[in-house]
>>> print(open('structure-v2.cif').read())   # mmCIF, C-alpha atoms
data_query
#
loop_
_atom_site.group_PDB
_atom_site.id
_atom_site.type_symbol
_atom_site.label_atom_id
_atom_site.label_comp_id
_atom_site.auth_asym_id
_atom_site.auth_seq_id
_atom_site.Cartn_x
_atom_site.Cartn_y
_atom_site.Cartn_z
ATOM 1 C CA MET U 5 0.000 0.000 0.000
ATOM 2 C CA LYS U 6 1.515 3.286 -1.093
ATOM 3 C CA VAL U 7 1.957 6.083 1.422
ATOM 4 C CA GLU U 8 -0.254 9.062 0.658
ATOM 5 C CA THR U 9 2.386 11.749 0.485
ATOM 6 C CA LYS U 10 4.184 13.866 -2.077
ATOM 7 C CA ALA U 11 7.424 13.755 -0.140
ATOM 8 C CA ASP U 12 10.565 13.832 -2.247
ATOM 9 C CA PRO U 13 12.568 10.576 -1.914
ATOM 10 C CA LYS U 14 15.793 12.609 -2.110
ATOM 11 C CA GLU U 15 14.728 14.608 0.929
ATOM 12 C CA LYS U 16 14.040 11.377 2.795
ATOM 13 C CA LEU U 17 17.505 10.086 1.964
ATOM 14 C CA ILE U 18 18.985 13.321 3.283
ATOM 15 C CA SER U 19 17.023 12.754 6.493
ATOM 16 C CA LEU U 20 18.369 9.197 6.646
ATOM 17 C CA TYR U 21 21.898 10.524 6.133
ATOM 18 C CA GLU U 22 21.435 12.983 9.002
ATOM 19 C CA VAL U 23 20.259 10.257 11.370
ATOM 20 C CA VAL U 24 23.158 7.961 10.495
ATOM 21 C CA ASN U 25 25.638 10.826 10.749
ATOM 22 C CA SER U 26 24.305 11.793 14.181
ATOM 23 C CA THR U 27 25.416 8.431 15.567
ATOM 24 C CA GLY U 28 28.974 9.740 15.516
ATOM 25 C CA ASP U 29 27.858 12.552 17.827
ATOM 26 C CA PHE U 30 26.269 10.000 20.168
ATOM 27 C CA ILE U 31 29.546 8.102 20.345
ATOM 28 C CA SER U 32 31.355 11.333 21.206
ATOM 29 C CA LEU U 33 28.931 11.942 24.095
ATOM 30 C CA ILE U 34 29.508 8.405 25.347
ATOM 31 C CA GLN U 35 33.277 8.929 25.082
ATOM 32 C CA THR U 36 33.061 12.140 27.112
ATOM 33 C CA ALA U 37 30.956 10.460 29.798
ATOM 34 C CA PHE U 38 33.345 7.523 29.913
ATOM 35 C CA ILE U 39 36.533 9.580 30.100
ATOM 36 C CA TYR U 40 35.297 11.950 32.807
ATOM 37 C CA ASN U 41 33.156 9.382 34.662
ATOM 38 C CA ASN U 42 30.247 11.813 34.333
ATOM 39 C CA SER U 43 26.819 10.630 33.209
ATOM 40 C CA LYS U 44 25.454 14.125 32.459
ATOM 41 C CA PRO U 45 26.314 14.003 28.707
ATOM 42 C CA LEU U 46 24.412 10.711 28.477
ATOM 43 C CA GLN U 47 21.105 12.414 29.298
ATOM 44 C CA GLU U 48 21.350 14.263 25.992
ATOM 45 C CA CYS U 49 22.465 11.076 24.251
ATOM 46 C CA LYS U 50 19.419 9.126 25.437
ATOM 47 C CA ALA U 51 16.995 11.814 24.260
ATOM 48 C CA GLN U 52 18.669 12.093 20.865
ATOM 49 C CA VAL U 53 18.741 8.326 20.357
ATOM 50 C CA GLU U 54 15.011 8.119 21.062
ATOM 51 C CA LYS U 55 14.359 10.945 18.604
ATOM 52 C CA SER U 56 16.427 9.150 15.965
ATOM 53 C CA ARG U 57 14.554 5.907 16.599
ATOM 54 C CA LYS U 58 11.217 7.574 15.834
ATOM 55 C CA GLU U 59 12.623 9.217 12.720
ATOM 56 C CA ILE U 60 13.979 5.881 11.476
ATOM 57 C CA ASP U 61 10.531 4.296 11.886
ATOM 58 C CA LYS U 62 9.001 6.995 9.678
ATOM 59 C CA LEU U 63 11.748 6.706 7.083
ATOM 60 C CA SER U 64 11.418 2.925 7.013
ATOM 61 C CA THR U 65 7.706 3.181 6.233
ATOM 62 C CA PHE U 66 8.349 5.661 3.438
ATOM 63 C CA ILE U 67 11.284 3.856 1.852
ATOM 64 C CA THR U 68 9.576 0.456 1.934
ATOM 65 C CA ALA U 69 6.439 1.843 0.297
ATOM 66 C CA TYR U 70 8.157 3.883 -2.403
ATOM 67 C CA ALA U 71 10.738 1.235 -3.245
ATOM 68 C CA VAL U 72 7.944 -0.811 -4.834
ATOM 69 C CA ASP U 73 7.891 1.607 -7.775
ATOM 70 C CA ASP U 74 11.346 3.155 -7.470
ATOM 71 C CA PRO U 75 14.258 0.759 -8.127
ATOM 72 C CA ASP U 76 16.754 3.366 -6.875
ATOM 73 C CA LEU U 77 15.245 3.104 -3.389
ATOM 74 C CA LYS U 78 15.302 -0.691 -3.132
ATOM 75 C CA PRO U 79 18.894 -0.939 -1.786
ATOM 76 C CA TYR U 80 17.841 1.358 1.062
ATOM 77 C CA VAL U 81 14.992 -0.861 2.317
ATOM 78 C CA PRO U 82 17.177 -2.871 4.792
ATOM 79 C CA VAL U 83 19.036 0.192 6.076
ATOM 80 C CA PRO U 84 16.496 1.309 8.738
ATOM 81 C CA ALA U 85 16.494 -2.137 10.379
ATOM 82 C CA HIS U 86 20.282 -2.035 10.702
ATOM 83 C CA MET U 87 20.070 1.526 12.009
ATOM 84 C CA GLN U 88 17.642 0.452 14.711
ATOM 85 C CA LYS U 89 20.141 -2.211 15.797
ATOM 86 C CA ILE U 90 22.894 0.401 15.881
ATOM 87 C CA LEU U 91 20.682 2.621 18.049
ATOM 88 C CA ASN U 92 19.947 -0.325 20.345
ATOM 89 C CA SER U 93 23.676 -0.894 20.820
ATOM 90 C CA LEU U 94 24.246 2.813 21.408
ATOM 91 C CA GLU U 95 21.658 2.658 24.181
ATOM 92 C CA ILE U 96 23.493 -0.284 25.693
ATOM 93 C CA LEU U 97 26.778 1.636 25.589
ATOM 94 C CA SER U 98 25.086 4.635 27.188
ATOM 95 C CA GLU U 99 23.585 2.500 29.966
ATOM 96 C CA LEU U 100 26.933 0.838 30.662
ATOM 97 C CA ALA U 101 28.726 4.188 30.788
ATOM 98 C CA THR U 102 26.009 5.462 33.139
ATOM 99 C CA LYS U 103 26.515 2.448 35.403
ATOM 100 C CA LYS U 104 30.283 2.963 35.395
ATOM 101 C CA SER U 105 29.842 6.615 36.329
ATOM 102 C CA GLY U 106 27.021 6.196 38.830
ATOM 103 C CA GLU U 107 28.707 3.401 40.743
ATOM 104 C CA LYS U 108 32.177 4.946 40.436
ATOM 105 C CA ILE U 109 33.566 1.787 38.856
ATOM 106 C CA LEU U 110 37.207 2.147 37.861
ATOM 107 C CA PHE U 111 38.707 0.525 34.762
ATOM 108 C CA SER U 112 42.333 -0.468 34.492
ATOM 109 C CA ASP U 113 44.357 1.966 32.383
ATOM 110 C CA LYS U 114 44.568 -0.620 29.601
ATOM 111 C CA ALA U 115 40.822 -1.297 29.552
ATOM 112 C CA ALA U 116 40.078 2.438 29.534
ATOM 113 C CA ASP U 117 42.530 3.066 26.684
ATOM 114 C CA ASP U 118 41.122 0.146 24.687
ATOM 115 C CA THR U 119 37.536 1.317 25.135
ATOM 116 C CA ILE U 120 38.273 4.909 24.138
ATOM 117 C CA TYR U 121 40.249 3.754 21.106
ATOM 118 C CA LEU U 122 37.475 1.459 19.853
ATOM 119 C CA LEU U 123 34.820 4.126 20.375
ATOM 120 C CA GLN U 124 36.875 6.484 18.203
ATOM 121 C CA ARG U 125 37.214 3.780 15.572
ATOM 122 C CA LEU U 126 33.415 3.518 15.555
ATOM 123 C CA VAL U 127 33.134 7.222 14.738
ATOM 124 C CA GLU U 128 35.538 6.640 11.839
ATOM 125 C CA ILE U 129 33.243 3.872 10.576
ATOM 126 C CA LEU U 130 29.899 5.594 11.127
ATOM 127 C CA ARG U 131 30.773 8.861 9.328
ATOM 128 C CA PRO U 132 31.581 7.092 6.022
ATOM 129 C CA THR U 133 28.497 4.905 6.523
ATOM 130 C CA ALA U 134 26.425 8.082 6.564
ATOM 131 C CA ASP U 135 28.189 9.254 3.402
ATOM 132 C CA MET U 136 27.163 5.977 1.729
ATOM 133 C CA ILE U 137 23.523 7.080 2.034
ATOM 134 C CA LEU U 138 24.088 9.964 -0.369
ATOM 135 C CA ALA U 139 26.930 8.518 -2.458
ATOM 136 C CA ARG U 140 26.887 4.766 -2.898
ATOM 137 C CA ASN U 141 30.632 4.642 -3.331
ATOM 138 C CA THR U 142 32.382 1.271 -3.542
ATOM 139 C CA PHE U 143 35.616 2.740 -2.154
ATOM 140 C CA LEU U 144 33.777 3.915 0.951
ATOM 141 C CA SER U 145 32.167 0.509 1.253
ATOM 142 C CA LYS U 146 35.525 -1.268 1.104
ATOM 143 C CA TYR U 147 36.931 1.096 3.740
ATOM 144 C CA ILE U 148 34.003 0.372 6.076
ATOM 145 C CA VAL U 149 34.326 -3.388 5.556
ATOM 146 C CA ARG U 150 38.068 -3.305 6.320
ATOM 147 C CA SER U 151 37.529 -1.063 9.326
ATOM 148 C CA GLN U 152 34.820 -3.346 10.712
ATOM 149 C CA ALA U 153 37.121 -6.340 10.383
ATOM 150 C CA GLY U 154 39.792 -4.408 12.264
ATOM 151 C CA VAL U 155 37.427 -3.459 15.089
ATOM 152 C CA GLU U 156 36.195 -7.057 15.341
ATOM 153 C CA GLN U 157 39.745 -8.390 15.589
ATOM 154 C CA MET U 158 40.852 -5.806 18.125
ATOM 155 C CA ALA U 159 37.773 -6.334 20.297
ATOM 156 C CA LYS U 160 38.493 -10.072 20.400
ATOM 157 C CA GLU U 161 42.129 -9.448 21.319
ATOM 158 C CA TYR U 162 41.149 -6.949 24.014
ATOM 159 C CA ALA U 163 38.694 -9.458 25.500
ATOM 160 C CA THR U 164 41.427 -12.100 25.671
ATOM 161 C CA LEU U 165 43.881 -9.693 27.325
ATOM 162 C CA HIS U 166 41.141 -8.689 29.720
ATOM 163 C CA GLU U 167 40.817 -12.303 30.881
ATOM 164 C CA ASP U 168 44.519 -12.253 31.724
ATOM 165 C CA ARG U 169 44.060 -9.046 33.752
ATOM 166 C CA LEU U 170 41.220 -10.647 35.691
ATOM 167 C CA ILE U 171 43.447 -13.570 36.588
ATOM 168 C CA THR U 172 46.235 -11.302 37.822
ATOM 169 C CA GLY U 173 43.801 -9.048 39.702
ATOM 170 C CA GLU U 174 44.668 -5.992 37.618
ATOM 171 C CA CYS U 175 41.019 -5.687 36.581
ATOM 172 C CA MET U 176 38.091 -6.064 38.980
ATOM 173 C CA PRO U 177 35.192 -8.407 38.007
ATOM 174 C CA GLU U 178 32.555 -5.629 38.114
ATOM 175 C CA ALA U 179 34.584 -3.421 35.788
ATOM 176 C CA GLY U 180 35.370 -6.436 33.652
ATOM 177 C CA SER U 181 31.686 -7.205 33.128
ATOM 178 C CA ILE U 182 31.022 -3.678 31.853
ATOM 179 C CA PHE U 183 34.123 -3.769 29.650
ATOM 180 C CA VAL U 184 33.135 -7.046 27.957
ATOM 181 C CA LYS U 185 29.563 -5.841 27.357
ATOM 182 C CA MET U 186 30.891 -2.614 25.847
ATOM 183 C CA LEU U 187 33.112 -4.618 23.509
ATOM 184 C CA GLU U 188 30.081 -6.617 22.344
ATOM 185 C CA ALA U 189 28.035 -3.472 21.705
ATOM 186 C CA ILE U 190 30.925 -1.899 19.793
ATOM 187 C CA LYS U 191 31.258 -5.008 17.611
ATOM 188 C CA ASP U 192 27.501 -4.990 16.926
ATOM 189 C CA ILE U 193 27.554 -1.352 15.823
ATOM 190 C CA ALA U 194 30.506 -1.927 13.493
ATOM 191 C CA TRP U 195 28.883 -5.064 12.034
ATOM 192 C CA ASN U 196 25.600 -3.308 11.269
ATOM 193 C CA ALA U 197 27.460 -0.385 9.698
ATOM 194 C CA ARG U 198 29.258 -2.918 7.505
ATOM 195 C CA GLU U 199 25.930 -4.450 6.470
ATOM 196 C CA ILE U 200 24.580 -1.036 5.487
ATOM 197 C CA ALA U 201 27.693 -0.358 3.403
ATOM 198 C CA LEU U 202 27.518 -3.728 1.638
ATOM 199 C CA LYS U 203 23.831 -3.410 0.802
ATOM 200 C CA LEU U 204 24.222 0.113 -0.558
ATOM 201 C CA ALA U 205 27.296 -0.795 -2.575
ATOM 202 C CA GLY U 206 25.208 -3.412 -4.348
#
>>> encode(input="structure-v2.cif", output="structure tokens")
Amino acid sequence: MKVETKADPKEKLISLYEVVNSTGDFISLIQTAFIYNNSKPLQECKAQVEKSRKEIDKLSTFITAYAVDDPDLKPYVPVPAHMQKILNSLEILSELATKKSGEKILFSDKAADDTIYLLQRLVEILRPTADMILARNTFLSKYIVRSQAGVEQMAKEYATLHEDRLITGECMPEAGSIFVKMLEAIKDIAWNAREIALKLAG
């Protein structure tokens, strides 16, 4: 059933680009909260994520309906579902950072460095993913795929090293639980960004 609207598909893709691009800002807020052990920036993050979630729902309805008659929109049909998963993982990261801050849980220097580094790598994946919305560039897609593979590998290595720190007592179990969950959320975000890039590259 076609949506009764005269909305311009190009405008909708610009809106989709803006939502995807904003995820980099969310990561920056999470980084700030994590570094300074202050949950205040996360209040803004939570509100913005919820706003993005509602916008994605609207865009999904539009894109799915119009793609029936517009072949150029068909590659975009799966994108909103992957974006919702990215937003879910961002919420998880925000909640974990809030827990770390609220309960004054301290990470080892290595775990803190690893987390901050991977969060920055996510920003470097999500910005090009947003660019893919407006320019379905195969070079961008290849960059995102390689970057995702790198994040996946590093997250696995960091998890293994973390187990060693637990054994030696360098890392406390409560901090370790948050660290491992953050690694999983980071991997999920990178994987869904990769899926968006692959689908748009065709």
>>> residues_around(input="structure-v2.cif", residues="Ile90 of chain U", least_positions_apart="4", cutoff="9 Å", atoms="only C-alpha atoms", output="list in words")
Thr27, Ala85, His86, Leu94, Glu95, Ala189, Asp192, Ile193, Ala194, Trp195, Asn196 and Ala197 of chain U
>>> closest_residue(input="structure-v2.cif", among="U:Ser56, U:Asp168, U:Ser181, U:Leu187", to="Ile120 of chain U", atoms="only C-alpha atoms")
U:Leu187
>>> residues_near_point(input="structure-v2.cif", point="(16.9, 7.9, 16.3)", cutoff="9 Å", atoms="only C-alpha atoms", output="list of chain:residue names")
U:Val23, U:Val24, U:Ser26, U:Thr27, U:Ala51, U:Gln52, U:Val53, U:Glu54, U:Lys55, U:Ser56, U:Arg57, U:Lys58, U:Glu59, U:Ile60, U:Asp61, U:Met87, U:Gln88, U:Leu91
>>> residues_around(input="structure-v2.cif", residues="Ala116 of chain U", least_positions_apart="4", cutoff="10 Å", atoms="all atoms listed in the file", output="PDB file with C-alpha atoms, in the frame of the given file")
ATOM      1  CA  PHE U  38      33.345   7.523  29.913  1.00  0.00           C
ATOM      2  CA  ILE U  39      36.533   9.580  30.100  1.00  0.00           C
ATOM      3  CA  LEU U 110      37.207   2.147  37.861  1.00  0.00           C
ATOM      4  CA  PHE U 111      38.707   0.525  34.762  1.00  0.00           C
ATOM      5  CA  SER U 112      42.333  -0.468  34.492  1.00  0.00           C
ATOM      6  CA  ILE U 120      38.273   4.909  24.138  1.00  0.00           C
ATOM      7  CA  TYR U 121      40.249   3.754  21.106  1.00  0.00           C
ATOM      8  CA  PHE U 183      34.123  -3.769  29.650  1.00  0.00           C
TER       9      PHE U 183
END
>>> resolve_selection(input="structure-v2.cif", expression="the PyMOL selection byres ((chain U and resi 69-83) around 10)", output="MDAnalysis selection string")
chainID U and resid 5:8 13:14 17 20 24 60 63:68 84:88 137 140 196:197 199:206
>>> resolve_selection(input="structure-v2.cif", expression="the PyMOL selection byres ((chain U and resi 100) around 12)", output="PyMOL selection string")
chain U and resi 34-35+37-38+41+43+46+93-99+101-109+119+178-190
>>> atom_distance(input="structure-v2.cif", atom1="atom CA of Lys89 of chain U", atom2="atom CA of Pro177 of chain U")
27.5 Å
>>> atom_distance(input="structure-v2.cif", atom1="atom CA of Tyr21 of chain U", atom2="atom CA of Val149 of chain U")
18.7 Å
>>> residues_around(input="structure-v2.cif", residues="segment 126-132 of chain U", least_positions_apart="5", cutoff="6 Å", atoms="only C-alpha atoms", output="PyMOL selection string")
chain U and resi 25+28+148
>>> atom_distance(input="structure-v2.cif", atom1="atom CA of Asn92 of chain U", atom2="atom CA of Thr133 of chain U")
17.1 Å
>>> closest_residue(input="structure-v2.cif", among="U:Cys49, U:Arg198, U:Met176, U:Lys16", to="Tyr147 of chain U", atoms="all atoms listed in the file")
U:Arg198
>>> residues_around(input="structure-v2.cif", residues="Asp118 of chain U", least_positions_apart="5", cutoff="9 Å", atoms="all atoms listed in the file", output="ChimeraX atom specification")
/U:113,123,158-159,162
>>> closest_residue(input="structure-v2.cif", among="U:Ala134, U:Leu144, U:Ala115, U:Val155", to="Arg169 of chain U", atoms="all atoms listed in the file")
U:Ala115
